[in-house]
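Content type PDB, C-alpha atoms, from the file structure09.pdb:
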```pdb
ATOM      1  CA  MET E1373      20.891  44.895 -13.598
ATOM      2  CA  LYS E1374      21.147  41.468 -11.953
ATOM      3  CA  ASP E1375      18.638  40.085  -9.472
ATOM      4  CA  LYS E1376      20.344  39.637  -6.146
ATOM      5  CA  LYS E1377      19.120  36.835  -3.951
ATOM      6  CA  SER E1378      19.379  37.214  -0.230
ATOM      7  CA  PRO E1379      21.882  34.765   1.283
ATOM      8  CA  ASN E1380      19.378  33.426   3.822
ATOM      9  CA  PRO E1381      15.843  33.507   2.465
ATOM     10  CA  SER E1382      13.279  33.616   5.215
ATOM     11  CA  PRO E1383      10.906  30.657   5.376
ATOM     12  CA  LYS E1384       7.497  31.234   3.890
ATOM     13  CA  PRO E1385       4.925  32.110   6.534
ATOM     14  CA  THR E1386       2.323  29.466   7.228
ATOM     15  CA  PRO E1387      -1.252  30.746   7.064
ATOM     16  CA  LYS E1388      -2.886  30.657  10.479
ATOM     17  CA  GLN E1389      -5.542  28.111   9.504
ATOM     18  CA  LEU E1390      -3.010  25.536   8.235
ATOM     19  CA  PRO E1391      -0.881  23.476  10.650
ATOM     20  CA  THR E1392       2.838  23.125  10.007
ATOM     21  CA  LEU E1393       4.365  19.695   9.419
ATOM     22  CA  LYS E1394       5.672  19.716  12.996
ATOM     23  CA  ASP E1395       2.134  20.378  14.267
ATOM     24  CA  ILE E1396       0.749  17.535  12.170
ATOM     25  CA  ASP E1397       3.444  15.174  13.436
ATOM     26  CA  ARG E1398       2.658  16.118  17.055
ATOM     27  CA  ILE E1399      -1.109  15.761  16.510
ATOM     28  CA  LEU E1400      -0.872  12.383  14.782
ATOM     29  CA  ARG E1401       1.589  10.879  17.246
ATOM     30  CA  GLY E1402      -0.144   7.846  18.728
ATOM     31  CA  VAL E1403      -3.093   8.025  16.325
ATOM     32  CA  ASP E1404      -3.927   4.886  14.393
ATOM     33  CA  LEU E1405      -5.464   5.919  11.074
ATOM     34  CA  TRP E1406      -7.410   2.636  10.989
ATOM     35  CA  GLU E1407      -9.398   3.926  13.985
ATOM     36  CA  VAL E1408     -10.304   7.346  12.615
ATOM     37  CA  ASP E1409     -13.740   6.582  11.146
ATOM     38  CA  LYS E1410     -14.702   3.633  13.389
ATOM     39  CA  PRO E1411     -17.180   3.710  16.287
ATOM     40  CA  PRO E1412     -15.595   3.480  19.783
ATOM     41  CA  GLU E1413     -16.634  -0.148  20.419
ATOM     42  CA  VAL E1414     -14.995  -1.297  17.170
ATOM     43  CA  VAL E1415     -11.860   0.680  18.041
ATOM     44  CA  ALA E1416     -11.643  -0.936  21.496
ATOM     45  CA  LYS E1417     -12.098  -4.431  20.060
ATOM     46  CA  GLY E1418      -9.611  -3.740  17.277
ATOM     47  CA  ARG E1419      -6.963  -2.491  19.718
ATOM     48  CA  LYS E1420      -7.252  -5.671  21.788
ATOM     49  CA  GLU E1421      -6.885  -7.875  18.704
ATOM     50  CA  ARG E1422      -4.251  -5.898  16.825
ATOM     51  CA  ARG E1423      -2.201  -4.447  19.677
ATOM     52  CA  PRO E1424      -2.519  -6.713  22.744
ATOM     53  CA  TRP E1425       0.528  -5.084  24.358
ATOM     54  CA  LEU E1426      -1.541  -1.926  24.962
ATOM     55  CA  THR E1427      -4.048  -3.609  27.287
TER      56      THR E1427
END
```
Turn this file's structure into structure tokens for me.
Amino acid sequence: MKDKKSPNPSPKPTPKQLPTLKDIDRILRGVDLWEVDKPPEVVAKGRKERRPWLT
């Protein structure tokens, strides 16, 4: 007997505690990874120096 594959396999469910790639993209939009572990005063100074068009 042959294994029959369904023509349209359903996507695997994402566990509730893990974000989907679309969620990650939405969350990280506008986030500069350089700023993640820096204190706020360093972030503010860095933004002025690296991205002057934002001020």
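Atom CA of Leu1405 of chain E is positioned 17.0 Å from atom CA of Leu1393 of chain E.
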Taking all atoms of segment 1403-1408 of chain E that appear in the file, build a box with edges along x, y and z, extend it by 8 Å on every side, and state its centre and edge lengths in Å to one decimal, as lines of an AutoDock Vina configuration file.
```
center_x = -6.7
center_y = 5.3
center_z = 13.7
size_x = 23.2
size_y = 21.4
size_z = 21.3
```
### Query
Which distance in Å separates atom CA of Gly1418 of chain E and atom CA of Pro1391 of chain E, to one decimal?
29.3 Å
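The spacing separating atom CA of Asp1404 of chain E from atom CA of Lys1388 of chain E amounts to 26.1 Å.
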N, CA, C and O atoms are what I want for segment 1403-1417 of chain E; can you complete it accordingly and write them as a PDB file, in the frame of the given file?
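Once everything was written out, this is out-v1.pdb:
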```pdb
ATOM      1  N   VAL E1403      -1.790   8.210  16.968  1.00  0.00           N
ATOM      2  CA  VAL E1403      -3.093   8.025  16.325  1.00  0.00           C
ATOM      3  C   VAL E1403      -2.976   6.913  15.299  1.00  0.00           C
ATOM      4  O   VAL E1403      -2.070   6.896  14.483  1.00  0.00           O
ATOM      5  N   ASP E1404      -3.883   5.964  15.357  1.00  0.00           N
ATOM      6  CA  ASP E1404      -3.927   4.886  14.393  1.00  0.00           C
ATOM      7  C   ASP E1404      -4.965   5.271  13.343  1.00  0.00           C
ATOM      8  O   ASP E1404      -6.146   5.426  13.650  1.00  0.00           O
ATOM      9  N   LEU E1405      -4.530   5.458  12.107  1.00  0.00           N
ATOM     10  CA  LEU E1405      -5.464   5.919  11.074  1.00  0.00           C
ATOM     11  C   LEU E1405      -6.568   4.910  10.802  1.00  0.00           C
ATOM     12  O   LEU E1405      -7.625   5.266  10.296  1.00  0.00           O
ATOM     13  N   TRP E1406      -6.369   3.643  11.148  1.00  0.00           N
ATOM     14  CA  TRP E1406      -7.410   2.636  10.989  1.00  0.00           C
ATOM     15  C   TRP E1406      -8.613   2.981  11.869  1.00  0.00           C
ATOM     16  O   TRP E1406      -9.746   2.667  11.541  1.00  0.00           O
ATOM     17  N   GLU E1407      -8.352   3.652  12.999  1.00  0.00           N
ATOM     18  CA  GLU E1407      -9.398   3.926  13.985  1.00  0.00           C
ATOM     19  C   GLU E1407     -10.182   5.208  13.708  1.00  0.00           C
ATOM     20  O   GLU E1407     -11.187   5.452  14.357  1.00  0.00           O
ATOM     21  N   VAL E1408      -9.756   6.003  12.773  1.00  0.00           N
ATOM     22  CA  VAL E1408     -10.304   7.346  12.615  1.00  0.00           C
ATOM     23  C   VAL E1408     -11.811   7.357  12.382  1.00  0.00           C
ATOM     24  O   VAL E1408     -12.538   8.112  13.020  1.00  0.00           O
ATOM     25  N   ASP E1409     -12.318   6.518  11.481  1.00  0.00           N
ATOM     26  CA  ASP E1409     -13.740   6.582  11.146  1.00  0.00           C
ATOM     27  C   ASP E1409     -14.549   5.446  11.754  1.00  0.00           C
ATOM     28  O   ASP E1409     -15.660   5.177  11.334  1.00  0.00           O
ATOM     29  N   LYS E1410     -14.011   4.763  12.765  1.00  0.00           N
ATOM     30  CA  LYS E1410     -14.702   3.633  13.389  1.00  0.00           C
ATOM     31  C   LYS E1410     -15.405   4.080  14.669  1.00  0.00           C
ATOM     32  O   LYS E1410     -14.949   4.972  15.355  1.00  0.00           O
ATOM     33  N   PRO E1411     -16.521   3.415  15.000  1.00  0.00           N
ATOM     34  CA  PRO E1411     -17.180   3.710  16.287  1.00  0.00           C
ATOM     35  C   PRO E1411     -16.309   3.229  17.458  1.00  0.00           C
ATOM     36  O   PRO E1411     -15.479   2.325  17.281  1.00  0.00           O
ATOM     37  N   PRO E1412     -16.478   3.798  18.646  1.00  0.00           N
ATOM     38  CA  PRO E1412     -15.595   3.480  19.783  1.00  0.00           C
ATOM     39  C   PRO E1412     -15.539   1.997  20.137  1.00  0.00           C
ATOM     40  O   PRO E1412     -14.482   1.487  20.493  1.00  0.00           O
ATOM     41  N   GLU E1413     -16.666   1.272  20.044  1.00  0.00           N
ATOM     42  CA  GLU E1413     -16.634  -0.148  20.419  1.00  0.00           C
ATOM     43  C   GLU E1413     -15.798  -0.971  19.436  1.00  0.00           C
ATOM     44  O   GLU E1413     -15.108  -1.912  19.828  1.00  0.00           O
ATOM     45  N   VAL E1414     -15.815  -0.598  18.170  1.00  0.00           N
ATOM     46  CA  VAL E1414     -14.995  -1.297  17.170  1.00  0.00           C
ATOM     47  C   VAL E1414     -13.521  -0.978  17.403  1.00  0.00           C
ATOM     48  O   VAL E1414     -12.665  -1.849  17.299  1.00  0.00           O
ATOM     49  N   VAL E1415     -13.240   0.270  17.769  1.00  0.00           N
ATOM     50  CA  VAL E1415     -11.860   0.680  18.041  1.00  0.00           C
ATOM     51  C   VAL E1415     -11.308  -0.109  19.221  1.00  0.00           C
ATOM     52  O   VAL E1415     -10.194  -0.636  19.174  1.00  0.00           O
ATOM     53  N   ALA E1416     -12.096  -0.221  20.304  1.00  0.00           N
ATOM     54  CA  ALA E1416     -11.643  -0.936  21.496  1.00  0.00           C
ATOM     55  C   ALA E1416     -11.379  -2.401  21.174  1.00  0.00           C
ATOM     56  O   ALA E1416     -10.353  -2.959  21.583  1.00  0.00           O
ATOM     57  N   LYS E1417     -12.271  -3.029  20.436  1.00  0.00           N
ATOM     58  CA  LYS E1417     -12.098  -4.431  20.060  1.00  0.00           C
ATOM     59  C   LYS E1417     -10.875  -4.586  19.156  1.00  0.00           C
ATOM     60  O   LYS E1417     -10.070  -5.501  19.324  1.00  0.00           O
TER      61      LYS E1417
END
```
